[in-house]
$ cat start39.cif   # mmCIF, C-alpha atoms and all ligand atoms
data_start
loop_
_atom_site.group_PDB
_atom_site.id
_atom_site.type_symbol
_atom_site.label_atom_id
_atom_site.label_comp_id
_atom_site.auth_asym_id
_atom_site.auth_seq_id
_atom_site.Cartn_x
_atom_site.Cartn_y
_atom_site.Cartn_z
ATOM 1 C CA MET A 1 90.538 76.792 110.637
ATOM 2 C CA ALA A 2 92.455 80.036 111.037
ATOM 3 C CA THR A 3 91.591 83.030 113.128
ATOM 4 C CA VAL A 4 92.355 86.709 112.707
ATOM 5 C CA GLN A 5 92.197 89.365 115.412
ATOM 6 C CA THR A 6 89.741 92.251 115.015
ATOM 7 C CA VAL A 7 88.724 95.179 117.227
ATOM 8 C CA ARG A 8 85.871 92.991 118.501
ATOM 9 C CA GLY A 9 88.130 89.995 119.114
ATOM 10 C CA PRO A 10 89.235 86.958 117.099
ATOM 11 C CA ILE A 11 87.124 85.716 114.185
ATOM 12 C CA ASP A 12 87.499 82.775 111.830
ATOM 13 C CA THR A 13 88.949 83.975 108.524
ATOM 14 C CA SER A 14 85.882 82.467 106.790
ATOM 15 C CA GLU A 15 83.862 85.235 108.478
ATOM 16 C CA MET A 16 85.894 88.014 106.832
ATOM 17 C CA GLY A 17 83.705 88.056 103.713
ATOM 18 C CA PRO A 18 84.045 90.982 101.291
ATOM 19 C CA THR A 19 86.995 92.996 102.568
ATOM 20 C CA LEU A 20 88.503 96.393 101.790
ATOM 21 C CA MET A 21 92.210 96.011 102.477
ATOM 22 C CA HIS A 22 93.243 99.615 103.166
ATOM 23 C CA GLU A 23 90.797 101.984 104.850
ATOM 24 C CA HIS A 24 91.353 104.299 107.803
ATOM 25 C CA VAL A 25 88.842 105.458 110.391
ATOM 26 C CA PHE A 26 90.786 108.596 111.369
ATOM 27 C CA VAL A 27 94.155 109.914 110.195
ATOM 28 C CA LEU A 28 95.303 112.562 112.661
ATOM 29 C CA THR A 29 98.273 114.574 113.846
ATOM 30 C CA PRO A 30 97.703 114.201 117.613
ATOM 31 C CA GLU A 31 100.391 116.587 118.861
ATOM 32 C CA VAL A 32 98.985 119.356 116.670
ATOM 33 C CA GLN A 33 95.346 118.474 117.393
ATOM 34 C CA SER A 34 95.875 118.619 121.166
ATOM 35 C CA ASN A 35 97.433 122.088 120.841
ATOM 36 C CA LEU A 36 94.843 123.694 118.584
ATOM 37 C CA PRO A 37 92.567 126.464 119.904
ATOM 38 C CA GLU A 38 89.765 123.909 119.549
ATOM 39 C CA PRO A 39 91.436 120.585 120.333
ATOM 40 C CA TRP A 40 90.236 117.329 118.765
ATOM 41 C CA ASP A 41 87.173 116.009 120.561
ATOM 42 C CA PRO A 42 86.896 112.264 119.909
ATOM 43 C CA ASP A 43 83.284 112.042 121.071
ATOM 44 C CA ALA A 44 82.163 114.614 118.516
ATOM 45 C CA HIS A 45 83.590 112.484 115.702
ATOM 46 C CA VAL A 46 82.244 109.117 116.818
ATOM 47 C CA ALA A 47 78.677 109.644 115.541
ATOM 48 C CA ASP A 48 79.923 110.799 112.129
ATOM 49 C CA ALA A 49 82.185 107.757 111.836
ATOM 50 C CA VAL A 50 79.371 105.407 112.855
ATOM 51 C CA ALA A 51 77.108 106.851 110.136
ATOM 52 C CA LYS A 52 79.776 106.591 107.431
ATOM 53 C CA LEU A 53 80.773 103.047 108.361
ATOM 54 C CA ARG A 54 77.113 101.950 108.444
ATOM 55 C CA GLN A 55 76.820 103.155 104.843
ATOM 56 C CA LEU A 56 79.823 100.990 104.031
ATOM 57 C CA VAL A 57 78.267 97.949 105.717
ATOM 58 C CA ALA A 58 75.118 98.502 103.620
ATOM 59 C CA THR A 59 77.181 97.774 100.463
ATOM 60 C CA GLY A 60 77.881 94.248 101.716
ATOM 61 C CA ILE A 61 81.429 94.836 102.950
ATOM 62 C CA ARG A 62 82.017 92.806 106.123
ATOM 63 C CA THR A 63 85.626 93.718 106.971
ATOM 64 C CA ILE A 64 87.985 96.666 106.690
ATOM 65 C CA VAL A 65 91.723 96.455 107.219
ATOM 66 C CA ASP A 66 92.935 99.672 108.883
ATOM 67 C CA PRO A 67 96.664 100.431 108.581
ATOM 68 C CA THR A 68 96.626 103.466 110.905
ATOM 69 C CA VAL A 69 99.793 103.221 113.002
ATOM 70 C CA ILE A 70 102.231 105.479 114.855
ATOM 71 C CA GLY A 71 102.762 108.490 112.602
ATOM 72 C CA LEU A 72 99.110 108.500 111.512
ATOM 73 C CA GLY A 73 97.479 109.131 114.900
ATOM 74 C CA ARG A 74 96.344 105.615 115.825
ATOM 75 C CA ASP A 75 93.604 105.780 118.508
ATOM 76 C CA ILE A 76 92.254 102.287 119.105
ATOM 77 C CA ALA A 77 90.108 103.280 122.125
ATOM 78 C CA THR A 78 88.013 105.548 119.888
ATOM 79 C CA VAL A 79 87.836 103.004 117.063
ATOM 80 C CA LYS A 80 86.598 100.490 119.657
ATOM 81 C CA LYS A 81 83.801 102.866 120.716
ATOM 82 C CA ILE A 82 82.766 103.305 117.085
ATOM 83 C CA ASN A 83 82.877 99.570 116.392
ATOM 84 C CA GLU A 84 80.454 98.967 119.299
ATOM 85 C CA GLN A 85 77.843 100.751 117.165
ATOM 86 C CA VAL A 86 78.675 99.294 113.719
ATOM 87 C CA ASP A 87 78.484 95.620 112.736
ATOM 88 C CA LEU A 88 81.784 95.512 110.855
ATOM 89 C CA ASN A 89 85.044 93.629 111.351
ATOM 90 C CA ILE A 90 87.890 96.122 111.745
ATOM 91 C CA ILE A 91 91.377 94.621 111.589
ATOM 92 C CA VAL A 92 94.009 96.976 113.019
ATOM 93 C CA ALA A 93 97.751 97.310 112.594
ATOM 94 C CA THR A 94 100.956 98.056 114.400
ATOM 95 C CA GLY A 95 104.016 99.666 112.893
ATOM 96 C CA ILE A 96 105.429 103.065 112.052
ATOM 97 C CA TYR A 97 104.549 105.364 109.174
ATOM 98 C CA THR A 98 107.474 107.507 108.082
ATOM 99 C CA TYR A 99 109.111 108.481 104.781
ATOM 100 C CA GLU A 100 112.402 109.525 106.413
ATOM 101 C CA THR A 101 113.124 108.770 110.079
ATOM 102 C CA PRO A 102 111.353 106.995 112.942
ATOM 103 C CA PRO A 103 109.856 109.193 115.692
ATOM 104 C CA ASN A 104 112.510 110.826 117.881
ATOM 105 C CA TYR A 105 111.452 108.570 120.754
ATOM 106 C CA PHE A 106 113.337 105.752 119.008
ATOM 107 C CA ARG A 107 116.279 107.859 117.839
ATOM 108 C CA TYR A 108 118.706 106.902 120.620
ATOM 109 C CA ARG A 109 116.983 103.712 121.677
ATOM 110 C CA PHE A 110 119.191 101.390 119.685
ATOM 111 C CA PRO A 111 118.864 97.622 119.451
ATOM 112 C CA PRO A 112 120.987 96.052 122.223
ATOM 113 C CA GLU A 113 123.805 93.745 121.142
ATOM 114 C CA GLY A 114 122.127 90.631 119.732
ATOM 115 C CA GLY A 115 118.686 91.859 120.828
ATOM 116 C CA ASN A 116 115.547 93.180 119.172
ATOM 117 C CA ASP A 117 115.081 96.727 117.988
ATOM 118 C CA PRO A 118 112.852 98.439 120.606
ATOM 119 C CA MET A 119 110.400 99.059 117.757
ATOM 120 C CA THR A 120 110.140 95.301 117.232
ATOM 121 C CA ASP A 121 109.446 94.766 120.941
ATOM 122 C CA LEU A 122 106.570 97.268 120.753
ATOM 123 C CA PHE A 123 105.132 95.721 117.585
ATOM 124 C CA VAL A 124 105.319 92.205 119.046
ATOM 125 C CA HIS A 125 103.572 93.429 122.198
ATOM 126 C CA ASP A 126 100.753 94.996 120.140
ATOM 127 C CA ILE A 127 100.234 91.705 118.275
ATOM 128 C CA THR A 128 100.604 89.211 121.115
ATOM 129 C CA GLU A 129 99.430 91.160 124.200
ATOM 130 C CA GLY A 130 97.313 93.976 122.794
ATOM 131 C CA ILE A 131 97.470 97.721 122.162
ATOM 132 C CA VAL A 132 97.885 99.764 125.373
ATOM 133 C CA ASP A 133 94.933 98.943 127.668
ATOM 134 C CA THR A 134 92.300 98.407 124.938
ATOM 135 C CA GLY A 135 92.449 94.610 124.873
ATOM 136 C CA VAL A 136 92.596 94.902 121.061
ATOM 137 C CA LYS A 137 95.362 93.004 119.283
ATOM 138 C CA ALA A 138 96.956 94.171 116.042
ATOM 139 C CA ALA A 139 96.794 91.566 113.261
ATOM 140 C CA PHE A 140 99.200 93.011 110.713
ATOM 141 C CA LEU A 141 102.198 95.308 110.298
ATOM 142 C CA LYS A 142 102.503 98.606 108.469
ATOM 143 C CA CYS A 143 105.548 100.522 107.266
ATOM 144 C CA ALA A 144 106.244 102.996 104.475
ATOM 145 C CA ILE A 145 108.644 104.051 101.772
ATOM 146 C CA ASP A 146 108.011 107.021 99.502
ATOM 147 C CA GLU A 147 109.901 109.298 97.122
ATOM 148 C CA PRO A 148 112.883 109.835 99.496
ATOM 149 C CA GLY A 149 113.620 106.125 99.044
ATOM 150 C CA MET A 150 115.386 103.691 101.367
ATOM 151 C CA THR A 151 116.689 106.156 103.943
ATOM 152 C CA ALA A 152 118.478 104.732 107.001
ATOM 153 C CA GLY A 153 115.351 105.398 109.089
ATOM 154 C CA VAL A 154 112.977 103.755 106.612
ATOM 155 C CA GLU A 155 115.242 100.715 106.368
ATOM 156 C CA ARG A 156 115.397 100.448 110.175
ATOM 157 C CA VAL A 157 111.577 100.398 110.338
ATOM 158 C CA LEU A 158 111.292 97.859 107.483
ATOM 159 C CA ARG A 159 113.778 95.542 109.184
ATOM 160 C CA ALA A 160 112.015 95.934 112.576
ATOM 161 C CA VAL A 161 108.743 95.042 110.837
ATOM 162 C CA ALA A 162 110.379 92.046 109.134
ATOM 163 C CA ALA A 163 111.749 90.809 112.473
ATOM 164 C CA THR A 164 108.258 91.123 113.984
ATOM 165 C CA HIS A 165 106.832 89.140 111.081
ATOM 166 C CA ARG A 166 109.308 86.339 111.742
ATOM 167 C CA ILE A 167 108.384 86.276 115.447
ATOM 168 C CA THR A 168 104.597 86.606 115.141
ATOM 169 C CA GLY A 169 103.679 85.593 111.584
ATOM 170 C CA ALA A 170 101.653 88.805 111.168
ATOM 171 C CA PRO A 171 101.444 89.864 107.503
ATOM 172 C CA ILE A 172 102.730 93.228 106.288
ATOM 173 C CA THR A 173 101.367 96.215 104.351
ATOM 174 C CA VAL A 174 103.863 98.708 102.946
ATOM 175 C CA HIS A 175 102.946 102.186 101.757
ATOM 176 C CA THR A 176 104.894 102.450 98.498
ATOM 177 C CA HIS A 177 105.431 104.970 95.729
ATOM 178 C CA PRO A 178 105.170 102.915 92.528
ATOM 179 C CA GLY A 179 106.003 105.897 90.299
ATOM 180 C CA THR A 180 109.590 105.629 91.575
ATOM 181 C CA HIS A 181 109.492 101.796 91.736
ATOM 182 C CA ARG A 182 109.912 101.758 95.524
ATOM 183 C CA GLY A 183 108.353 98.273 95.601
ATOM 184 C CA THR A 184 111.552 96.941 94.065
ATOM 185 C CA GLU A 185 113.544 98.355 97.002
ATOM 186 C CA VAL A 186 111.113 96.803 99.461
ATOM 187 C CA ALA A 187 111.586 93.493 97.644
ATOM 188 C CA ARG A 188 115.372 93.729 98.105
ATOM 189 C CA VAL A 189 115.231 94.348 101.883
ATOM 190 C CA PHE A 190 112.475 91.793 102.512
ATOM 191 C CA ALA A 191 114.313 89.157 100.436
ATOM 192 C CA ASP A 192 117.363 89.823 102.635
ATOM 193 C CA GLU A 193 115.093 89.346 105.686
ATOM 194 C CA GLY A 194 113.656 86.084 104.332
ATOM 195 C CA ILE A 195 110.079 87.370 104.025
ATOM 196 C CA ASN A 196 107.618 85.504 101.771
ATOM 197 C CA PRO A 197 106.214 88.153 99.374
ATOM 198 C CA GLY A 198 102.781 86.517 99.615
ATOM 199 C CA SER A 199 102.582 87.982 103.140
ATOM 200 C CA VAL A 200 103.209 91.505 101.864
ATOM 201 C CA VAL A 201 100.766 93.982 100.318
ATOM 202 C CA LEU A 202 102.565 96.650 98.302
ATOM 203 C CA GLY A 203 100.155 99.459 99.047
ATOM 204 C CA HIS A 204 99.245 102.102 96.475
ATOM 205 C CA SER A 205 100.402 99.935 93.564
ATOM 206 C CA GLY A 206 97.235 101.119 91.830
ATOM 207 C CA ASP A 207 98.730 104.629 91.641
ATOM 208 C CA SER A 208 100.759 103.242 88.718
ATOM 209 C CA VAL A 209 99.539 102.651 85.175
ATOM 210 C CA ASP A 210 102.685 100.639 84.370
ATOM 211 C CA ALA A 211 101.223 97.138 84.121
ATOM 212 C CA ASP A 212 104.606 95.647 83.196
ATOM 213 C CA HIS A 213 106.121 96.922 86.459
ATOM 214 C CA LEU A 214 103.124 95.679 88.461
ATOM 215 C CA GLN A 215 103.397 92.304 86.746
ATOM 216 C CA GLU A 216 107.075 92.060 87.798
ATOM 217 C CA LEU A 217 106.089 92.628 91.442
ATOM 218 C CA ALA A 218 103.186 90.170 91.204
ATOM 219 C CA ASP A 219 105.500 87.575 89.638
ATOM 220 C CA LEU A 220 107.747 87.908 92.708
ATOM 221 C CA GLY A 221 104.649 86.930 94.715
ATOM 222 C CA PHE A 222 103.658 90.294 96.203
ATOM 223 C CA VAL A 223 100.028 91.305 96.698
ATOM 224 C CA LEU A 224 99.265 94.559 94.879
ATOM 225 C CA GLY A 225 97.160 97.146 96.716
ATOM 226 C CA MET A 226 94.857 98.761 94.133
ATOM 227 C CA ASP A 227 93.755 100.858 97.003
ATOM 228 C CA ARG A 228 93.178 104.523 96.219
ATOM 229 C CA PHE A 229 89.914 104.552 94.294
ATOM 230 C CA GLY A 230 88.253 107.955 94.570
ATOM 231 C CA ILE A 231 91.511 109.955 94.822
ATOM 232 C CA GLY A 232 91.917 112.070 91.708
ATOM 233 C CA ASP A 233 89.886 113.444 88.835
ATOM 234 C CA GLU A 234 88.019 111.405 86.213
ATOM 235 C CA THR A 235 91.176 110.807 84.166
ATOM 236 C CA VAL A 236 93.056 109.448 87.174
ATOM 237 C CA GLU A 237 90.069 107.342 88.170
ATOM 238 C CA ALA A 238 89.769 105.845 84.668
ATOM 239 C CA ALA A 239 93.477 104.979 84.805
ATOM 240 C CA ARG A 240 93.036 103.245 88.172
ATOM 241 C CA VAL A 241 90.144 101.191 86.769
ATOM 242 C CA ASN A 242 91.939 100.391 83.521
ATOM 243 C CA VAL A 243 95.095 99.075 85.156
ATOM 244 C CA VAL A 244 93.011 96.633 87.229
ATOM 245 C CA ILE A 245 91.194 95.524 84.055
ATOM 246 C CA GLU A 246 94.543 95.078 82.296
ATOM 247 C CA MET A 247 96.019 93.055 85.192
ATOM 248 C CA CYS A 248 92.897 90.849 85.257
ATOM 249 C CA LYS A 249 93.274 90.272 81.497
ATOM 250 C CA ARG A 250 96.863 89.198 82.152
ATOM 251 C CA GLY A 251 95.624 86.702 84.733
ATOM 252 C CA TYR A 252 96.568 88.512 87.956
ATOM 253 C CA SER A 253 93.237 88.758 89.815
ATOM 254 C CA SER A 254 94.783 86.549 92.523
ATOM 255 C CA SER A 255 97.493 89.175 93.083
ATOM 256 C CA MET A 256 95.345 92.254 93.727
ATOM 257 C CA VAL A 257 93.218 93.681 96.536
ATOM 258 C CA LEU A 258 90.886 96.688 96.348
ATOM 259 C CA SER A 259 90.343 99.708 98.593
ATOM 260 C CA HIS A 260 89.976 103.496 98.778
ATOM 261 C CA ASP A 261 92.532 104.525 101.465
ATOM 262 C CA THR A 262 89.826 106.870 102.699
ATOM 263 C CA SER A 263 88.891 107.914 106.254
ATOM 264 C CA CYS A 264 86.173 109.697 108.216
ATOM 265 C CA VAL A 265 88.649 112.456 108.973
ATOM 266 C CA LEU A 266 92.106 113.042 107.487
ATOM 267 C CA ASP A 267 93.421 116.159 109.213
ATOM 268 C CA TRP A 268 96.106 116.680 106.561
ATOM 269 C CA LEU A 269 93.356 118.330 104.520
ATOM 270 C CA ASP A 270 90.722 120.908 105.299
ATOM 271 C CA GLU A 271 87.476 118.939 105.448
ATOM 272 C CA SER A 272 85.384 121.168 103.207
ATOM 273 C CA ALA A 273 88.187 121.401 100.627
ATOM 274 C CA ARG A 274 88.553 117.631 100.645
ATOM 275 C CA THR A 275 84.827 117.117 100.042
ATOM 276 C CA PHE A 276 84.918 119.657 97.226
ATOM 277 C CA VAL A 277 88.058 118.396 95.480
ATOM 278 C CA LEU A 278 87.563 114.654 96.094
ATOM 279 C CA PRO A 279 83.769 114.130 96.358
ATOM 280 C CA LYS A 280 84.028 110.426 95.495
ATOM 281 C CA TRP A 281 86.665 109.583 98.089
ATOM 282 C CA THR A 282 84.174 107.717 100.278
ATOM 283 C CA TYR A 283 83.878 104.198 101.671
ATOM 284 C CA THR A 284 81.113 103.292 99.179
ATOM 285 C CA HIS A 285 82.676 104.490 95.909
ATOM 286 C CA ILE A 286 84.031 101.064 94.913
ATOM 287 C CA HIS A 287 80.584 99.490 95.162
ATOM 288 C CA GLU A 288 78.794 102.418 93.564
ATOM 289 C CA GLU A 289 81.086 103.005 90.584
ATOM 290 C CA VAL A 290 84.289 100.966 90.447
ATOM 291 C CA LEU A 291 82.843 97.446 90.443
ATOM 292 C CA PRO A 292 80.342 98.315 87.670
ATOM 293 C CA ALA A 293 83.205 99.855 85.659
ATOM 294 C CA LEU A 294 85.368 96.753 86.156
ATOM 295 C CA SER A 295 82.487 94.514 85.044
ATOM 296 C CA ALA A 296 81.900 96.680 81.988
ATOM 297 C CA GLY A 297 85.616 96.259 81.206
ATOM 298 C CA GLY A 298 85.336 92.473 81.204
ATOM 299 C CA VAL A 299 86.371 91.666 84.788
ATOM 300 C CA THR A 300 84.341 88.636 85.880
ATOM 301 C CA ASP A 301 82.450 88.149 89.141
ATOM 302 C CA ASP A 302 84.973 85.435 90.060
ATOM 303 C CA GLN A 303 87.853 87.881 89.579
ATOM 304 C CA ILE A 304 86.081 90.464 91.753
ATOM 305 C CA ASP A 305 85.584 87.730 94.350
ATOM 306 C CA ASP A 306 89.342 87.024 94.231
ATOM 307 C CA MET A 307 90.152 90.679 94.932
ATOM 308 C CA LEU A 308 87.507 91.333 97.598
ATOM 309 C CA VAL A 309 87.209 87.972 99.362
ATOM 310 C CA LYS A 310 89.728 85.250 98.534
ATOM 311 C CA ASN A 311 92.952 87.272 98.441
ATOM 312 C CA PRO A 312 92.356 89.126 101.748
ATOM 313 C CA ARG A 313 91.493 85.853 103.442
ATOM 314 C CA ARG A 314 94.572 84.083 102.056
ATOM 315 C CA TYR A 315 96.822 86.970 103.159
ATOM 316 C CA PHE A 316 95.689 86.615 106.772
ATOM 317 C CA GLU A 317 95.663 82.803 106.639
ATOM 318 C CA ALA A 318 99.116 82.376 105.115
ATOM 319 C CA THR A 319 100.880 82.841 108.404
ATOM 320 C CA ALA A 320 98.005 82.574 110.899
ATOM 321 C CA ARG A 321 98.894 80.537 113.944
HETATM 322 ZN ZN ZN B 1 96.545 104.750 104.036
#

$ encode --input "start39.cif" --output "structure tokens"
Amino acid sequence: MATVQTVRGPIDTSEMGPTLMHEHVFVLTPEVQSNLPEPWDPDAHVADAVAKLRQLVATGIRTIVDPTVIGLGRDIATVKKINEQVDLNIIVATGIYTYETPPNYFRYRFPPEGGNDPMTDLFVHDITEGIVDTGVKAAFLKCAIDEPGMTAGVERVLRAVAATHRITGAPITVHTHPGTHRGTEVARVFADEGINPGSVVLGHSGDSVDADHLQELADLGFVLGMDRFGIGDETVEAARVNVVIEMCKRGYSSSMVLSHDTSCVLDWLDESARTFVLPKWTYTHIHEEVLPALSAGGVTDDQIDDMLVKNPRRYFEATAR
């Protein structure tokens, strides 16, 4: 028996059920929001989030894995309020989301001689003690690398995350940019840190149509996040579906997880523009359109079960303690 922490407390991993491995509730820029003429009002957004997440639950999804961390406006107190009104397991993260440098707060807070990076101390606290005063414990780690590559700041965050993994066992999700093969750079640093790739989701792998590259990463043992369904036009969407079909044909259903990377609010975009440009970027798109398309392409129910149920569970069980 293994347990995993959720917003509502620990659950047995057998209770995770069908799981979307990369969904946000809110993605916000808090310092901007709190200085706008009409500042962000969390209460006004709770009812909308409850309605959207109830629609998700109606598809049969039991668990979402939410990688919203520092840099993306993490607000666990509000997520907790929402979760009180929706019967869904929400697994939350700790970590830092940056493509270049950590937040200035950490700039001159260097690791003491022989000691942990202060970022690691914060991450460990979030996992073992809980996030601020919410009583909610993070169950996994999030970091990022994008087109700028392995900058000094990105590498510092990746190594602080790796150190936290060694201390706590919490698995890791990395935002990657597969078009520039950033997963390969993650593999280099994590190999140096002694991290088992089976505990690492390479997020946004499904942005790539290069099945040979994805196969290389899967052969190293990494979990591939096919996690942006609904972002893009019909051509992009067909490519996302086809690469999953191709990887299943090659025998890699045990190496992939599915998700949308969507959110109730993402303040990087104007809401009405987002709805207009990306109408299918919702929590229910996978069940409404992607799973039928995968089945039509020859993906079996067992392979879908691997991607939605077995692989998420194994990822959280691998290092559960
Ligand atoms: Zn995301």

$ resolve_selection --input "start39.cif" --expression "the PyMOL selection byres (((not hetatm)) within 12 of (chain B and resi 1))" --output "number ranges by chain"
A: 20-28, 65-69, 71-74, 93, 97-98, 142-144, 173-176, 202-204, 225-229, 231, 259-263, 266

$ resolve_selection --input "start39.cif" --expression "the PyMOL selection byres (((chain A and resi 136) around 9) and not hetatm)" --output "list of chain:residue names"
A:Gln5, A:Thr6, A:Val7, A:Arg8, A:Gly9, A:Ile76, A:Ala77, A:Lys80, A:Val92, A:Asp126, A:Ile127, A:Glu129, A:Gly130, A:Ile131, A:Val132, A:Asp133, A:Thr134, A:Gly135, A:Lys137, A:Ala138

$ closest_residue --input "start39.cif" --among "A:Asn116, A:Ser205, A:Asn104, A:Thr94" --to "Thr128 (chain A)" --atoms "all atoms listed in the file"
A:Thr94

$ atom_distance --input "start39.cif" --atom1 "CA of Asp233 (chain A)" --atom2 "CA of Asn311 (chain A)"
28.0 Å

$ resolve_selection --input "start39.cif" --expression "the PyMOL selection byres (((chain A and resi 285) around 10) and not hetatm)" --output "PyMOL selection string"
chain A and resi 56+59+229-230+259-260+279-284+286-291

$ write_last_selection --input "start39.cif" --atoms "C-alpha atoms" --output "compact mmCIF listing (two decimals), keeping the file's coordinate frame"
# COMPACT_ATOMS: atom_id res chain seq x y z
CA LEU A 56 79.82 100.99 104.03
CA THR A 59 77.18 97.77 100.46
CA PHE A 229 89.91 104.55 94.29
CA GLY A 230 88.25 107.96 94.57
CA SER A 259 90.34 99.71 98.59
CA HIS A 260 89.98 103.50 98.78
CA PRO A 279 83.77 114.13 96.36
CA LYS A 280 84.03 110.43 95.50
CA TRP A 281 86.66 109.58 98.09
CA THR A 282 84.17 107.72 100.28
CA TYR A 283 83.88 104.20 101.67
CA THR A 284 81.11 103.29 99.18
CA ILE A 286 84.03 101.06 94.91
CA HIS A 287 80.58 99.49 95.16
CA GLU A 288 78.79 102.42 93.56
CA GLU A 289 81.09 103.00 90.58
CA VAL A 290 84.29 100.97 90.45
CA LEU A 291 82.84 97.45 90.44

$ atom_distance --input "start39.cif" --atom1 "CA of Ser14 (chain A)" --atom2 "CA of Ala139 (chain A)"
15.6 Å

$ residues_around --input "start39.cif" --residues "Gly298 (chain A)" --least-positions-apart "5" --cutoff "10 Å" --atoms "all atoms listed in the file" --output "count of residues only"
6

$ atom_distance --input "start39.cif" --atom1 "CA of Pro30 (chain A)" --atom2 "CA of Val46 (chain A)"
16.3 Å

$ residues_around --input "start39.cif" --residues "Arg314 (chain A)" --least-positions-apart "5" --cutoff "9 Å" --atoms "all atoms listed in the file" --output "PyMOL selection string"
chain A and resi 13+198-199+309

$ write_last_selection --input "start39.cif" --atoms "C-alpha atoms" --output "PDB file, keeping the file's coordinate frame"
ATOM      1  CA  THR A  13      88.949  83.975 108.524  1.00  0.00           C
ATOM      2  CA  GLY A 198     102.781  86.517  99.615  1.00  0.00           C
ATOM      3  CA  SER A 199     102.582  87.982 103.140  1.00  0.00           C
ATOM      4  CA  VAL A 309      87.209  87.972  99.362  1.00  0.00           C
TER       5      VAL A 309
END

$ residues_around --input "start39.cif" --residues "Asp210 (chain A)" --least-positions-apart "6" --cutoff "9 Å" --atoms "only C-alpha atoms" --output "PDB file with C-alpha atoms, keeping the file's coordinate frame"
ATOM      1  CA  PRO A 178     105.170 102.915  92.528  1.00  0.00           C
ATOM      2  CA  GLY A 179     106.003 105.897  90.299  1.00  0.00           C
ATOM      3  CA  VAL A 243      95.095  99.075  85.156  1.00  0.00           C
TER       4      VAL A 243
END

$ closest_residue --input "start39.cif" --among "A:Met256, A:Ala162, A:Val50, A:Leu88" --to "Ala191 (chain A)" --atoms "all atoms listed in the file"
A:Ala162

$ closest_residue --input "start39.cif" --among "A:Cys264, A:Leu258, A:Ile167, A:Ala211" --to "Leu308 (chain A)" --atoms "only C-alpha atoms"
A:Leu258

$ closest_residue --input "start39.cif" --among "A:Ile304, A:Val124, A:Ala239, A:Leu294" --to "Ser254 (chain A)" --atoms "all atoms listed in the file"
A:Ile304

$ axis_aligned_box --input "start39.cif" --around "region 59-76 of chain A" --padding-each-side "6 Å" --output "lines of an AutoDock Vina configuration file"
center_x = 90.0
center_y = 101.0
center_z = 109.8
size_x = 37.6
size_y = 28.3
size_z = 30.6

$ closest_residue --input "start39.cif" --among "A:Ile64, A:Pro111, A:Asp121, A:Asn89" --to "Asp12 (chain A)" --atoms "only C-alpha atoms"
A:Asn89

$ residues_around --input "start39.cif" --residues "Pro102 (chain A)" --least-positions-apart "4" --cutoff "10 Å" --atoms "only C-alpha atoms" --output "list in words"
Ile70, Gly71, Ile96, Tyr97, Thr98, Phe106, Arg107, Met119, Ala152, Gly153, Val154, Glu155, Arg156 and Val157 of chain A

$ closest_residue --input "start39.cif" --among "A:Thr29, A:Ser253, A:Thr63, A:Thr235" --to "Arg313 (chain A)" --atoms "only C-alpha atoms"
A:Thr63

$ build_atoms --input "start39.cif" --residues "region 228-236 of chain A" --atoms "N, CA, C and O atoms" --output "short mmCIF file (atom, residue, chain, number, x, y, z; two decimals), in the coordinates of the input"
data_model
loop_
_atom_site.label_atom_id
_atom_site.label_comp_id
_atom_site.auth_asym_id
_atom_site.auth_seq_id
_atom_site.Cartn_x
_atom_site.Cartn_y
_atom_site.Cartn_z
N ARG A 228 93.45 103.09 96.07
CA ARG A 228 93.18 104.52 96.22
C ARG A 228 92.07 104.99 95.29
O ARG A 228 92.12 106.11 94.74
N PHE A 229 91.04 104.14 95.13
CA PHE A 229 89.91 104.55 94.29
C PHE A 229 89.21 105.75 94.92
O PHE A 229 88.97 105.79 96.12
N GLY A 230 88.92 106.74 94.09
CA GLY A 230 88.25 107.96 94.57
C GLY A 230 89.20 109.12 94.75
O GLY A 230 88.77 110.25 94.94
N ILE A 231 90.54 108.86 94.71
CA ILE A 231 91.51 109.96 94.82
C ILE A 231 91.91 110.37 93.41
O ILE A 231 92.58 109.61 92.71
N GLY A 232 91.52 111.56 93.01
CA GLY A 232 91.92 112.07 91.71
C GLY A 232 90.71 112.41 90.86
O GLY A 232 89.56 112.13 91.23
N ASP A 233 90.99 113.05 89.72
CA ASP A 233 89.89 113.44 88.84
C ASP A 233 89.45 112.26 87.97
O ASP A 233 89.93 111.13 88.16
N GLU A 234 88.57 112.51 87.01
CA GLU A 234 88.02 111.40 86.21
C GLU A 234 89.09 110.68 85.40
O GLU A 234 89.01 109.47 85.20
N THR A 235 90.10 111.43 84.95
CA THR A 235 91.18 110.81 84.17
C THR A 235 91.97 109.83 85.03
O THR A 235 92.28 108.71 84.62
N VAL A 236 92.30 110.30 86.24
CA VAL A 236 93.06 109.45 87.17
C VAL A 236 92.23 108.21 87.52
O VAL A 236 92.73 107.08 87.55
#
